[in-house]
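Here's the structure, in structure tokens; my notes come after.
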Amino acid sequence: MWRSKKLDIGCFTNVWILRDHAKRKAFAANEPERQALRYIVRNTTLPARTRAIAQLQLTQMHCYTRPTQIKNRCILGGKGKGIFSDFKMSRVCCYCYLVVLWLWVLCGGGLKSLE
């Protein structure tokens with residue numbers, strides 16, 4: 001129901017990545033409605049009945065529409081812990097990537113391409 005028929009991601013894929021991708025798409029699709037309902041619930045000038053109806057609609061929304069369901073994951077390995085959010089990579093993958101890059105530059109691969 002929540003997973004797309006065609007994947008539009010270009011990274012490592014496992015079941016956790018697919019689930020996280022579905023959560024991100026569901027959150028993006030329902031964010032304006034969710035924010036409007038949250039505004040209505042928090043607005044104390046509105047009648048209590050209106051606020052209660054909005055609260056009920058908010059609690060009946062699917063759990064994938066919540067922003068707390070989205071987890072940062074590594075784009076290379078799919079790991080969910082130790083993620084550098086700026087690079088979208090885990091500590092281990094980022095370290096390995098930097099070592100490979102360093103070795104590539106050290107062996108002259110970077111200098112030849114600059115000349």
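Just remember, in the structure tokens the first chain shown is A, the second B, etc., residues are 1-based per chain, and ligands are 1-based in the order shown.
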
Report task. Just list the residues in chain A DSSP gives alpha helix (DSSP H) on the backbone, as number ranges by chain. Result -> A: 15-42, 48-60, 91-106, 109-114

Report task. Fewer than 6 positions away in the same chain doesn't count, so skip those; otherwise give me all residues within 9 Å of A:Trp16, counting only C-alpha atoms, as number ranges by chain. Result -> A: 73, 78-80

Output file for the residues above (N, CA and C atoms, as a tab-separated table (two decimals), in the first residue's frame):
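The result, stored in again10.tsv:
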```tsv
chain	number	residue	atom	x	y	z
A	73	ARG	N	19.66	6.99	7.15
A	73	ARG	CA	20.32	5.73	6.81
A	73	ARG	C	21.46	5.99	5.85
A	78	GLY	N	23.23	1.03	4.03
A	78	GLY	CA	21.90	0.89	4.60
A	78	GLY	C	21.88	0.85	6.11
A	79	LYS	N	23.00	1.13	6.76
A	79	LYS	CA	23.05	1.10	8.22
A	79	LYS	C	22.23	2.23	8.80
A	80	GLY	N	21.73	2.01	10.01
A	80	GLY	CA	20.89	3.01	10.65
A	80	GLY	C	21.53	3.68	11.85
```

Proximity of stretch 2-76 of chain A to stretch 88-105 of chain A: per-residue shortest pair, 9 Å limit, only C-alpha atoms, as JSON lines:
```
{"residue": "A:Asn72", "atom": "CA", "partner": "A:Lys88", "partner_atom": "CA", "distance": 7.2}
{"residue": "A:Arg73", "atom": "CA", "partner": "A:Lys88", "partner_atom": "CA", "distance": 6.7}
{"residue": "A:Cys74", "atom": "CA", "partner": "A:Met89", "partner_atom": "CA", "distance": 4.3}
{"residue": "A:Ile75", "atom": "CA", "partner": "A:Met89", "partner_atom": "CA", "distance": 5.9}
{"residue": "A:Leu76", "atom": "CA", "partner": "A:Met89", "partner_atom": "CA", "distance": 6.7}
```

Could the residues in this selection be saved with N, CA and C atoms as a PDB file, in the first residue's frame?
```pdb
ATOM      1  N   ASN A  72      17.622   8.486   9.535  1.00  0.00           N
ATOM      2  CA  ASN A  72      18.742   8.668   8.620  1.00  0.00           C
ATOM      3  C   ASN A  72      19.435   7.332   8.412  1.00  0.00           C
ATOM      4  N   ARG A  73      19.659   6.987   7.146  1.00  0.00           N
ATOM      5  CA  ARG A  73      20.316   5.731   6.811  1.00  0.00           C
ATOM      6  C   ARG A  73      21.457   5.990   5.848  1.00  0.00           C
ATOM      7  N   CYS A  74      22.445   5.098   5.909  1.00  0.00           N
ATOM      8  CA  CYS A  74      23.622   5.184   5.044  1.00  0.00           C
ATOM      9  C   CYS A  74      23.220   4.840   3.611  1.00  0.00           C
ATOM     10  N   ILE A  75      23.674   5.653   2.646  1.00  0.00           N
ATOM     11  CA  ILE A  75      23.320   5.394   1.253  1.00  0.00           C
ATOM     12  C   ILE A  75      24.187   4.298   0.650  1.00  0.00           C
ATOM     13  N   LEU A  76      25.304   3.976   1.285  1.00  0.00           N
ATOM     14  CA  LEU A  76      26.176   2.930   0.751  1.00  0.00           C
ATOM     15  C   LEU A  76      25.882   1.561   1.350  1.00  0.00           C
TER      16      LEU A  76
END
```

Query raised in the report: Can you tell me how far atom CA of A:Gln55 sits from atom CA of A:Glu33, in Å to one decimal?
Result: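 Between atom CA of A:Gln55 and atom CA of A:Glu33 the gap works out to 12.3 Å.
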
Report task. Grab the atom CA of A:Thr65 to atom CA of A:Arg49 distance for me, in Å with one decimal place. Result -> 23.9 Å

Query raised in the report: Neighbours of stretch 35-48 of chain A within 10 Å (only C-alpha atoms; same-chain residues fewer than 6 positions away dropped), as a ChimeraX atom specification?
Result: /A:54-58

Based on the selection just made, write N, CA and C atoms of those residues as a PDB file, in the first residue's frame.
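Output contents, as saved in out-v5.pdb:
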```pdb
ATOM      1  N   ALA A  54     -10.248  17.549  15.046  1.00  0.00           N
ATOM      2  CA  ALA A  54      -8.926  17.610  14.408  1.00  0.00           C
ATOM      3  C   ALA A  54      -7.948  16.657  15.091  1.00  0.00           C
ATOM      4  N   GLN A  55      -8.026  16.565  16.398  1.00  0.00           N
ATOM      5  CA  GLN A  55      -7.149  15.649  17.140  1.00  0.00           C
ATOM      6  C   GLN A  55      -7.451  14.196  16.771  1.00  0.00           C
ATOM      7  N   LEU A  56      -8.723  13.884  16.618  1.00  0.00           N
ATOM      8  CA  LEU A  56      -9.110  12.530  16.221  1.00  0.00           C
ATOM      9  C   LEU A  56      -8.597  12.193  14.814  1.00  0.00           C
ATOM     10  N   GLN A  57      -8.729  13.147  13.892  1.00  0.00           N
ATOM     11  CA  GLN A  57      -8.216  12.924  12.538  1.00  0.00           C
ATOM     12  C   GLN A  57      -6.698  12.764  12.544  1.00  0.00           C
ATOM     13  N   LEU A  58      -6.045  13.521  13.396  1.00  0.00           N
ATOM     14  CA  LEU A  58      -4.587  13.446  13.477  1.00  0.00           C
ATOM     15  C   LEU A  58      -4.130  12.097  14.014  1.00  0.00           C
TER      16      LEU A  58
END
```

Report task. Work out how far apart atom CA of A:Gly82 and atom CA of A:Asp20 are and give it in Å to one decimal. Result -> 16.4 Å

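Every residue of stretch 1-110 of chain A with a DSSP assignment of strand (DSSP E), taken from the backbone, is listed as Ile83, Phe84, Met89 and Ser90 of chain A.
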
Requested write-out: N, CA and C atoms of the selected residues, as a compact mmCIF listing (two decimals), in the first residue's frame:
```
# COMPACT_ATOMS: atom_id res chain seq x y z
N ILE A 83 25.41 7.64 11.73
CA ILE A 83 25.30 8.28 10.43
C ILE A 83 25.77 9.73 10.51
N PHE A 84 26.64 10.12 9.57
CA PHE A 84 26.98 11.53 9.39
C PHE A 84 25.92 12.10 8.46
N MET A 89 26.20 9.04 5.16
CA MET A 89 26.99 7.82 5.21
C MET A 89 27.29 7.48 6.67
N SER A 90 27.43 6.18 6.94
CA SER A 90 27.77 5.75 8.29
C SER A 90 29.25 6.01 8.55
```

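Every protein or nucleic acid residue with an atom no more than 7 Å from A:Ala26, counting only C-alpha atoms and leaving out same-chain residues fewer than 3 positions away, appears here: Ala22, Lys23, Ala29, Asn30, Tyr64 and Thr65 of chain A.
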
Create the file for the chosen residues now, containing N, CA and C atoms and written as a PDB file, in the first residue's frame.
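Just written: result30.pdb:
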```
ATOM      1  N   ALA A  22       9.587   4.474   1.756  1.00  0.00           N
ATOM      2  CA  ALA A  22       8.117   4.569   1.778  1.00  0.00           C
ATOM      3  C   ALA A  22       7.657   5.556   2.839  1.00  0.00           C
ATOM      4  N   LYS A  23       8.322   5.570   3.987  1.00  0.00           N
ATOM      5  CA  LYS A  23       7.957   6.509   5.053  1.00  0.00           C
ATOM      6  C   LYS A  23       8.223   7.941   4.635  1.00  0.00           C
ATOM      7  N   ALA A  29       3.936  13.481   1.317  1.00  0.00           N
ATOM      8  CA  ALA A  29       2.604  13.626   0.727  1.00  0.00           C
ATOM      9  C   ALA A  29       1.583  14.161   1.739  1.00  0.00           C
ATOM     10  N   ASN A  30       1.743  13.822   3.003  1.00  0.00           N
ATOM     11  CA  ASN A  30       0.740  14.185   4.020  1.00  0.00           C
ATOM     12  C   ASN A  30       1.175  15.307   4.946  1.00  0.00           C
ATOM     13  N   TYR A  64       3.139   6.168   9.227  1.00  0.00           N
ATOM     14  CA  TYR A  64       4.211   6.550   8.314  1.00  0.00           C
ATOM     15  C   TYR A  64       4.201   8.041   7.994  1.00  0.00           C
ATOM     16  N   THR A  65       3.127   8.745   8.345  1.00  0.00           N
ATOM     17  CA  THR A  65       3.056  10.175   8.068  1.00  0.00           C
ATOM     18  C   THR A  65       3.700  11.004   9.169  1.00  0.00           C
TER      19      THR A  65
END
```
